[in-house]
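start_38.txt follows; it contains compact mmCIF, C-alpha atoms.
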# COMPACT_ATOMS: atom_id res chain seq x y z
CA MET A 9 29.18 50.67 -70.06
CA SER A 10 32.91 50.20 -70.38
CA VAL A 11 34.79 50.30 -67.07
CA PRO A 12 38.54 51.09 -67.08
CA ARG A 13 40.56 48.14 -65.82
CA GLU A 14 42.16 50.17 -63.02
CA LYS A 15 38.69 50.69 -61.55
CA PHE A 16 38.05 47.00 -60.89
CA LEU A 17 41.48 45.34 -60.69
CA SER A 18 44.97 46.20 -59.48
CA ASN A 19 47.85 45.81 -61.93
CA VAL A 20 49.71 43.21 -59.85
CA TRP A 21 47.87 40.19 -61.28
CA ARG A 22 49.15 38.20 -64.23
CA ASP A 23 46.79 37.95 -67.21
CA GLY A 24 45.42 34.49 -67.91
CA ILE A 25 45.58 33.04 -64.39
CA PHE A 26 41.92 31.97 -64.71
CA LYS A 27 42.14 30.93 -68.35
CA ASP A 28 39.28 28.61 -69.36
CA LYS A 29 37.95 28.50 -65.77
CA VAL A 30 34.32 29.28 -64.87
CA LEU A 31 32.94 31.39 -62.03
CA PHE A 32 29.36 31.18 -60.75
CA CYS A 33 28.26 34.27 -58.82
CA THR A 34 24.91 35.05 -57.21
CA GLY A 35 24.00 38.72 -57.10
CA GLY A 36 26.48 39.15 -59.90
CA ALA A 37 24.90 42.30 -61.31
CA GLY A 38 25.37 44.18 -58.02
CA THR A 39 28.05 46.84 -57.73
CA ILE A 40 30.65 44.87 -55.78
CA CYS A 41 29.96 41.41 -57.15
CA SER A 42 29.85 42.59 -60.77
CA MET A 43 33.35 44.02 -60.35
CA GLN A 44 34.60 40.77 -58.86
CA VAL A 45 33.21 38.89 -61.85
CA ARG A 46 34.66 41.51 -64.20
CA ALA A 47 38.11 40.99 -62.66
CA PHE A 48 37.82 37.21 -63.00
CA VAL A 49 36.81 37.48 -66.65
CA ALA A 50 39.58 40.00 -67.38
CA LEU A 51 42.07 37.45 -66.08
CA GLY A 52 40.96 34.81 -68.58
CA GLY A 53 37.83 33.20 -67.13
CA ASN A 54 34.20 32.92 -68.13
CA ALA A 55 31.26 33.41 -65.79
CA CYS A 56 27.63 32.91 -64.96
CA ILE A 57 25.82 35.50 -62.83
CA THR A 58 22.38 35.23 -61.28
CA GLY A 59 19.77 37.71 -60.10
CA ARG A 60 16.03 38.10 -59.75
CA ASN A 61 15.68 40.95 -62.25
CA LYS A 62 15.90 39.56 -65.78
CA GLU A 63 16.76 42.83 -67.53
CA LYS A 64 19.40 43.87 -65.00
CA THR A 65 20.99 40.41 -64.85
CA GLU A 66 21.22 39.86 -68.59
CA ALA A 67 22.42 43.42 -69.23
CA GLY A 68 25.01 43.01 -66.49
CA ALA A 69 26.29 39.79 -68.04
CA ALA A 70 26.58 41.38 -71.48
CA ASP A 71 28.44 44.36 -70.04
CA ILE A 72 30.91 42.23 -68.09
CA ALA A 73 31.67 40.17 -71.22
CA THR A 74 33.06 43.27 -72.94
CA VAL A 75 36.07 43.28 -70.62
CA ARG A 76 37.90 40.67 -72.71
CA PRO A 77 37.53 39.68 -76.38
CA GLY A 78 35.96 36.24 -76.65
CA ALA A 79 34.72 36.16 -73.06
CA LYS A 80 31.50 34.34 -72.27
CA VAL A 81 29.26 35.59 -69.48
CA VAL A 82 25.79 34.14 -68.95
CA GLY A 83 23.03 35.92 -67.04
CA VAL A 84 20.48 33.62 -65.37
CA VAL A 85 17.32 34.65 -63.55
CA ALA A 86 17.16 32.72 -60.28
CA ASP A 87 16.03 33.33 -56.72
CA VAL A 88 18.68 32.17 -54.25
CA ARG A 89 15.94 31.30 -51.75
CA ASP A 90 14.73 28.52 -54.08
CA ILE A 91 17.09 25.53 -54.13
CA LYS A 92 15.47 24.09 -57.26
CA ALA A 93 16.06 27.38 -59.07
CA MET A 94 19.66 27.39 -57.91
CA ASP A 95 20.21 23.81 -59.05
CA ALA A 96 18.81 24.74 -62.45
CA ALA A 97 20.97 27.86 -62.69
CA VAL A 98 24.12 25.91 -61.87
CA LYS A 99 23.24 23.22 -64.41
CA ARG A 100 22.75 25.86 -67.09
CA CYS A 101 26.12 27.36 -66.16
CA VAL A 102 27.87 24.03 -66.60
CA ASP A 103 25.95 23.14 -69.76
CA GLU A 104 26.76 26.45 -71.48
CA LEU A 105 30.26 27.12 -70.17
CA GLY A 106 31.59 23.59 -69.71
CA SER A 107 32.49 23.56 -66.03
CA LEU A 108 32.17 25.31 -62.68
CA ASP A 109 35.45 25.97 -60.91
CA PHE A 110 34.75 28.88 -58.56
CA ALA A 111 31.68 30.27 -56.82
CA ILE A 112 30.77 33.47 -55.00
CA ALA A 113 27.70 33.63 -52.76
CA GLY A 114 27.06 37.34 -53.13
CA ALA A 115 23.29 37.85 -53.18
CA ALA A 116 22.16 39.96 -50.23
CA GLY A 117 19.44 42.26 -48.91
CA ASN A 118 19.72 45.12 -46.46
CA PHE A 119 18.05 48.24 -45.13
CA LEU A 120 18.20 50.29 -41.96
CA ALA A 121 15.60 49.76 -39.25
CA PRO A 122 15.49 49.61 -35.43
CA MET A 123 13.95 46.43 -34.03
CA SER A 124 10.90 48.44 -32.89
CA GLN A 125 10.14 49.08 -36.59
CA LEU A 126 11.40 45.74 -37.94
CA SER A 127 8.64 43.22 -38.56
CA SER A 128 9.15 39.48 -38.29
CA ASN A 129 8.53 39.21 -42.03
CA ALA A 130 11.20 41.80 -42.82
CA PHE A 131 13.68 39.98 -40.58
CA LYS A 132 12.88 36.68 -42.28
CA THR A 133 13.30 38.17 -45.75
CA VAL A 134 16.90 39.15 -45.07
CA MET A 135 17.64 35.82 -43.38
CA ASP A 136 16.21 34.00 -46.40
CA ILE A 137 18.20 35.96 -48.98
CA ASP A 138 21.51 36.12 -47.13
CA ALA A 139 21.68 32.97 -45.01
CA ILE A 140 19.41 30.51 -46.85
CA GLY A 141 20.56 31.92 -50.18
CA SER A 142 24.21 31.39 -49.28
CA TYR A 143 23.51 27.84 -48.11
CA ASN A 144 21.61 27.08 -51.32
CA THR A 145 24.48 28.47 -53.38
CA ALA A 146 26.88 26.17 -51.60
CA LYS A 147 24.61 23.13 -51.94
CA ALA A 148 24.08 23.70 -55.66
CA THR A 149 27.71 24.39 -56.56
CA LEU A 150 29.69 22.06 -54.30
CA PRO A 151 29.29 18.88 -56.40
CA TYR A 152 30.83 20.71 -59.38
CA LEU A 153 33.46 22.43 -57.26
CA MET A 154 34.53 19.00 -56.02
CA GLU A 155 35.01 17.88 -59.62
CA SER A 156 37.10 20.96 -60.30
CA ALA A 157 39.19 20.45 -57.18
CA LYS A 158 39.88 16.89 -58.26
CA LYS A 159 40.99 18.06 -61.70
CA HIS A 160 42.96 21.10 -60.51
CA LYS A 161 44.56 19.78 -57.36
CA ASN A 162 45.45 22.04 -54.45
CA ILE A 163 49.13 21.15 -54.30
CA SER A 164 52.54 22.78 -54.07
CA PRO A 165 54.09 23.53 -56.44
CA ALA A 166 50.91 24.77 -58.09
CA SER A 167 49.08 22.57 -60.54
CA PRO A 168 49.98 23.44 -64.17
CA SER A 169 46.26 23.71 -64.89
CA GLY A 170 45.77 26.37 -62.23
CA THR A 171 43.38 26.35 -59.32
CA GLY A 172 39.77 25.31 -58.90
CA GLY A 173 37.23 24.17 -56.34
CA ARG A 174 37.04 27.42 -54.38
CA LEU A 175 34.09 29.12 -52.77
CA ALA A 176 33.79 32.63 -51.33
CA PHE A 177 30.97 34.15 -49.29
CA ILE A 178 30.34 37.90 -49.10
CA SER A 179 29.62 39.01 -45.54
CA ALA A 180 29.68 42.14 -43.34
CA THR A 181 31.11 43.25 -39.99
CA PHE A 182 27.88 44.21 -38.20
CA HIS A 183 27.91 41.16 -35.95
CA TYR A 184 31.51 41.58 -34.80
CA ARG A 185 30.74 44.26 -32.22
CA GLY A 186 27.06 44.99 -32.70
CA GLN A 187 25.41 47.69 -34.79
CA PRO A 188 22.14 49.53 -34.22
CA LEU A 189 19.54 49.34 -37.00
CA GLN A 190 21.09 46.10 -38.34
CA ALA A 191 19.72 43.26 -36.16
CA HIS A 192 18.44 41.41 -39.23
CA VAL A 193 21.65 41.65 -41.25
CA ALA A 194 23.91 40.95 -38.27
CA ALA A 195 22.04 37.70 -37.66
CA ALA A 196 22.10 36.76 -41.33
CA LYS A 197 25.79 37.50 -41.86
CA ALA A 198 26.77 35.63 -38.69
CA ALA A 199 25.03 32.64 -40.26
CA VAL A 200 26.81 33.19 -43.57
CA ASP A 201 30.18 33.17 -41.82
CA GLN A 202 29.38 29.88 -40.11
CA ILE A 203 28.17 28.27 -43.33
CA SER A 204 31.52 29.10 -44.92
CA HIS A 205 33.41 27.73 -41.92
CA SER A 206 31.43 24.49 -42.10
CA VAL A 207 32.17 24.11 -45.80
CA SER A 208 35.88 24.64 -45.15
CA ILE A 209 35.90 21.88 -42.53
CA GLU A 210 33.68 19.33 -44.26
CA TYR A 211 34.85 19.83 -47.84
CA GLY A 212 38.50 20.70 -47.25
CA PRO A 213 39.40 16.99 -47.46
CA PHE A 214 37.99 17.02 -51.01
CA GLY A 215 40.29 19.88 -52.03
CA ILE A 216 37.73 22.67 -51.55
CA THR A 217 38.63 25.95 -49.92
CA SER A 218 35.90 28.17 -48.48
CA ASN A 219 36.48 31.68 -47.19
CA VAL A 220 34.60 34.84 -46.32
CA ILE A 221 35.25 38.23 -47.90
CA THR A 222 33.95 41.04 -45.73
CA PRO A 223 33.80 44.47 -47.38
CA GLY A 224 33.75 47.60 -45.29
CA PRO A 225 32.43 50.99 -46.47
CA ILE A 226 33.05 50.98 -50.23
CA GLY A 227 32.47 54.22 -52.10
CA GLY A 228 30.15 54.39 -55.10
CA THR A 229 28.27 51.18 -54.31
CA GLU A 230 24.60 50.30 -53.91
CA GLY A 231 25.28 49.45 -50.28
CA MET A 232 26.63 52.88 -49.44
CA ALA A 233 23.77 54.55 -51.28
CA ARG A 234 21.24 52.53 -49.28
CA LEU A 235 22.88 52.54 -45.87
CA ALA A 236 24.89 55.73 -45.50
CA ALA A 237 23.64 59.28 -45.22
CA SER A 238 25.00 61.31 -48.12
CA ASP A 239 25.24 64.77 -46.61
CA GLU A 240 28.75 66.20 -46.40
CA THR A 241 28.98 66.12 -42.60
CA SER A 242 27.92 62.46 -42.34
CA VAL A 243 30.31 61.41 -45.11
CA ARG A 244 33.19 63.19 -43.40
CA ARG A 245 32.38 61.57 -40.04
CA SER A 246 32.09 58.16 -41.67
CA LYS A 247 35.54 58.45 -43.25
CA MET A 248 36.98 59.64 -39.93
CA GLY A 249 35.87 56.32 -38.46
CA VAL A 250 38.10 54.38 -40.89
CA PRO A 251 41.69 54.16 -39.62
CA VAL A 252 43.14 54.58 -43.13
CA GLY A 253 41.03 57.72 -43.52
CA ARG A 254 38.94 56.87 -46.58
CA TRP A 255 36.25 54.65 -47.98
CA GLY A 256 37.36 51.61 -49.95
CA GLU A 257 37.24 51.02 -53.70
CA VAL A 258 35.46 48.15 -55.44
CA LYS A 259 38.75 46.94 -56.93
CA GLU A 260 40.02 46.26 -53.40
CA ILE A 261 37.25 43.69 -52.96
CA SER A 262 38.00 42.24 -56.40
CA ASP A 263 41.67 41.94 -55.44
CA ALA A 264 40.65 39.97 -52.34
CA MET A 265 38.70 37.56 -54.53
CA VAL A 266 41.58 37.12 -56.98
CA TYR A 267 43.96 36.45 -54.10
CA LEU A 268 41.75 33.74 -52.58
CA PHE A 269 41.08 32.07 -55.94
CA SER A 270 44.67 32.24 -57.19
CA ASP A 271 47.70 30.11 -56.34
CA ALA A 272 48.60 32.72 -53.71
CA GLY A 273 45.55 31.70 -51.66
CA SER A 274 45.93 27.94 -51.94
CA TYR A 275 46.49 27.38 -48.22
CA VAL A 276 43.86 29.88 -47.03
CA ASN A 277 40.79 27.97 -45.87
CA GLY A 278 38.16 28.73 -43.24
CA ALA A 279 39.32 32.34 -43.05
CA THR A 280 37.52 35.69 -42.94
CA LEU A 281 39.26 38.36 -44.98
CA VAL A 282 38.03 41.74 -43.78
CA VAL A 283 38.65 44.48 -46.35
CA ASP A 284 37.54 47.63 -44.56
CA GLY A 285 40.56 49.76 -43.78
CA GLY A 286 40.33 48.69 -40.14
CA SER A 287 36.96 50.36 -39.57
CA TRP A 288 35.48 47.38 -37.77
CA ARG A 289 37.98 48.00 -35.00
CA THR A 290 36.64 51.49 -34.36
CA SER A 291 32.91 51.28 -35.10
CA GLY A 292 29.91 49.50 -33.67
CA SER A 293 27.65 51.50 -31.41
CA GLY A 294 26.89 54.47 -33.63
CA GLY A 295 28.56 57.40 -31.90
CA GLU A 296 30.05 60.63 -33.19
CA GLY A 297 30.71 59.14 -36.60
CA SER A 298 27.11 57.97 -37.08
CA ALA A 299 24.30 59.81 -38.84
CA TRP A 300 21.94 58.12 -36.36
CA ARG A 301 23.76 58.76 -33.10
CA TYR A 302 23.38 56.15 -30.39
CA PRO A 303 21.32 56.09 -28.20
CA ASP A 304 19.60 59.39 -29.07
CA PHE A 305 18.10 58.16 -32.33
CA LEU A 306 16.65 54.97 -30.84
CA LEU A 307 15.16 56.84 -27.90
CA SER A 308 13.55 59.34 -30.25
CA GLY A 309 11.49 56.67 -32.00
CA GLY A 310 12.18 58.39 -35.31
CA GLU A 311 12.21 56.78 -38.74
CA VAL A 312 15.39 56.32 -40.73
CA THR A 313 15.53 58.99 -43.42
CA GLY A 314 18.11 60.32 -45.86
CA VAL A 315 19.08 56.94 -47.33
CA GLY A 316 17.66 54.61 -49.95
CA GLY A 317 17.44 51.68 -47.53
CA GLY A 318 15.27 52.88 -44.65
CA LYS A 319 12.27 50.71 -43.87
CA LYS A 320 9.11 51.26 -41.87
CA ALA A 321 7.34 48.88 -39.50
CA LYS A 322 4.70 47.91 -42.09
CA LEU A 323 7.15 45.50 -43.73
Output the file's structure in the form of structure tokens.
Amino acid sequence: MSVPREKFLSNVWRDGIFKDKVLFCTGGAGTICSMQVRAFVALGGNACITGRNKEKTEAGAADIATVRPGAKVVGVVADVRDIKAMDAAVKRCVDELGSLDFAIAGAAGNFLAPMSQLSSNAFKTVMDIDAIGSYNTAKATLPYLMESAKKHKNISPASPSGTGGRLAFISATFHYRGQPLQAHVAAAKAAVDQISHSVSIEYGPFGITSNVITPGPIGGTEGMARLAASDETSVRRSKMGVPVGRWGEVKEISDAMVYLFSDAGSYVNGATLVVDGGSWRTSGSGGEGSAWRYPDFLLSGGEVTGVGGGKKAKL
């Protein structure tokens, strides 16, 4: 479906800043990542997105391509947990689109569950998708990102050919202060952050920049549908916990990506850009603003209900 430009990108960015550049994005058919890719393509680039669902991934790629006449967007079925599959997906991206200049490690898995109902297998699944998947994305793309960084040097004044050789990881804030029902994701995202930091240190000398984009509560996304209770009282309490008084918009995450990949972000490396309206400063333990109030819910032994992402112990 056609998405109005103002829904996925602010009007401050100059058209063509990513002209002829290529973005590789895992989880690229997801709500947030698809909008990041859409913004990149709207600003002149081409892209390759990956996912495990063939129909969703290919349909997502075709839809994103409509944002700009002549745009090329390839949808590739690949499991981020499989390094051989990721290597093959990256090779196809380069073969079909000619290069690989930017990458987003965006594939993720999440659901709500207390540790008492969280099996070892369920914990491992999230670690594999988020942490191992992010590492595999980096391993598969870095050789090509190094080539791009060599061609499009990170210098001031900016290279006439624009930027390249940049990597972004999508994370979360659960591990900053602790969050009930999210032990698995907190562990995985802490690992994701450290993978990005390591890339920034070890590959910075080759011209690579690596940063973390951390979305907060973003309205209308798969994440909010799976992790947030949708009744009116819970929604109101959730928004009260955000200092700016509202949930975010997907375009605000896209804008963060454009900033980090553009000339404006050339000297930003090893950073974590939290885009959450300040909510990580006020949340953590699940109090008045939580649909599963701490510690009452944990002590009750109840199951998570009212969301699409509640899981039982049989996992």
Identify which of the residues A:Ile140, A:Met135, A:Val258, A:Leu31 lies closest to Leu153 in chain A, counting all atoms listed in the file when measuring atom-to-atom distances.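 When distances to Leu153 in chain A are compared using all atoms listed in the file, the smallest one comes from A:Leu31.
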Can you tell me, as a PyMOL selection string, what residues are no more than 9 Å from Leu51 in chain A when counting all atoms listed in the file, ignoring any on the same chain fewer than 6 positions away? chain A and resi 21-27+76
Pick from A:Ala146, A:Asp138, A:Gln125, A:Lys247, whichever lies nearest to Gly310 in chain A using all atoms listed in the file: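 Going through A:Ala146, A:Asp138, A:Gln125, A:Lys247 one by one, the smallest distance to Gly310 in chain A is for A:Gln125.
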Mind pulling up the distance from CA of Ile226 in chain A to CA of Asp271 in chain A?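 Spanning CA of Asp271 in chain A to CA of Ile226 in chain A is a straight-line distance of 26.2 Å.
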Name the residues within 9 Å of (32.6, 26.7, -67.2), counting only C-alpha atoms in the file's coordinates, and put them as a ChimeraX atom specification. /A:28-32,53-56,101-109
Residue contacts of Gln44 in chain A (8 Å, all atoms listed in the file) excluding same-chain residues fewer than 4 positions away, as a list of chain:residue names: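 The neighbour list is A:Phe16, A:Ile40, A:Phe48, A:Lys259, A:Ile261, A:Ser262, A:Asp263, A:Met265.
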Report the distance between CA of His160 in chain A and CA of Gly173 in chain A in Å, rounded to one decimal place.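 CA of Gly173 in chain A lies at a distance of 7.7 Å from CA of His160 in chain A.
Nearest residue to Asp87 in chain A, choosing from A:Leu306, A:Ala130, A:Ala115, A:Ala157 and counting all atoms listed in the file: A:Ala115.
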Straight-line distance linking CA of Ile91 in chain A with CA of Gly141 in chain A, stated in Å to one decimal: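 One can read the CA of Ile91 in chain A to CA of Gly141 in chain A distance as 8.3 Å.
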12 Å contact set for Ala194 in chain A, only C-alpha atoms, chain neighbours under 2 positions out, as a PyMOL selection string: chain A and resi 117-120+131+134-135+138-139+179-192+196-201+292
Within 10 Å of (21.1, 26.0, -62.2), only C-alpha atoms: residues as a VMD selection string? chain A and resid 32 56 58 84 to 86 91 to 103 145 148 to 149
Selection export as a PDB file, in the coordinates of the input, atoms kept: C-alpha atoms:
ATOM      1  CA  PHE A  32      29.360  31.180 -60.750  1.00  0.00           C
ATOM      2  CA  CYS A  56      27.630  32.910 -64.960  1.00  0.00           C
ATOM      3  CA  THR A  58      22.380  35.230 -61.280  1.00  0.00           C
ATOM      4  CA  VAL A  84      20.480  33.620 -65.370  1.00  0.00           C
ATOM      5  CA  VAL A  85      17.320  34.650 -63.550  1.00  0.00           C
ATOM      6  CA  ALA A  86      17.160  32.720 -60.280  1.00  0.00           C
ATOM      7  CA  ILE A  91      17.090  25.530 -54.130  1.00  0.00           C
ATOM      8  CA  LYS A  92      15.470  24.090 -57.260  1.00  0.00           C
ATOM      9  CA  ALA A  93      16.060  27.380 -59.070  1.00  0.00           C
ATOM     10  CA  MET A  94      19.660  27.390 -57.910  1.00  0.00           C
ATOM     11  CA  ASP A  95      20.210  23.810 -59.050  1.00  0.00           C
ATOM     12  CA  ALA A  96      18.810  24.740 -62.450  1.00  0.00           C
ATOM     13  CA  ALA A  97      20.970  27.860 -62.690  1.00  0.00           C
ATOM     14  CA  VAL A  98      24.120  25.910 -61.870  1.00  0.00           C
ATOM     15  CA  LYS A  99      23.240  23.220 -64.410  1.00  0.00           C
ATOM     16  CA  ARG A 100      22.750  25.860 -67.090  1.00  0.00           C
ATOM     17  CA  CYS A 101      26.120  27.360 -66.160  1.00  0.00           C
ATOM     18  CA  VAL A 102      27.870  24.030 -66.600  1.00  0.00           C
ATOM     19  CA  ASP A 103      25.950  23.140 -69.760  1.00  0.00           C
ATOM     20  CA  THR A 145      24.480  28.470 -53.380  1.00  0.00           C
ATOM     21  CA  ALA A 148      24.080  23.700 -55.660  1.00  0.00           C
ATOM     22  CA  THR A 149      27.710  24.390 -56.560  1.00  0.00           C
TER      23      THR A 149
END
Shell of 12 Å around Ala69 in chain A, all atoms listed in the file, local chain residues under 3 positions omitted, as a ChimeraX atom specification: /A:9,32-38,41-43,45-46,49,54-59,62-66,72-75,79-85
Please, what is the axis-aligned box for every listed atom of range 20-35 of chain A with 8 Å on each side, as centre and edge lengths in Å to one decimal, as JSON?
{"center_x": 36.9, "center_y": 35.9, "center_z": -63.2, "size_x": 41.7, "size_y": 30.7, "size_z": 28.3}
Hey, which of A:Ala272, A:Leu307, A:Val266, A:Leu175 ends up closest to Gly212 in chain A? Count all atoms listed in the file.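 Smallest distance to Gly212 in chain A is found for A:Leu175.
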Which residue, A:Val20, A:Ala47, A:Ile137, A:Leu126, has the smallest gap to Arg89 in chain A when you use all atoms listed in the file?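 Among the listed residues, A:Ile137 lies closest to Arg89 in chain A.
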Nearest to Val207 in chain A, chosen from A:Leu17, A:Ala176, A:Ala116, A:Ala195, with all atoms listed in the file counted in the distances: A:Ala176
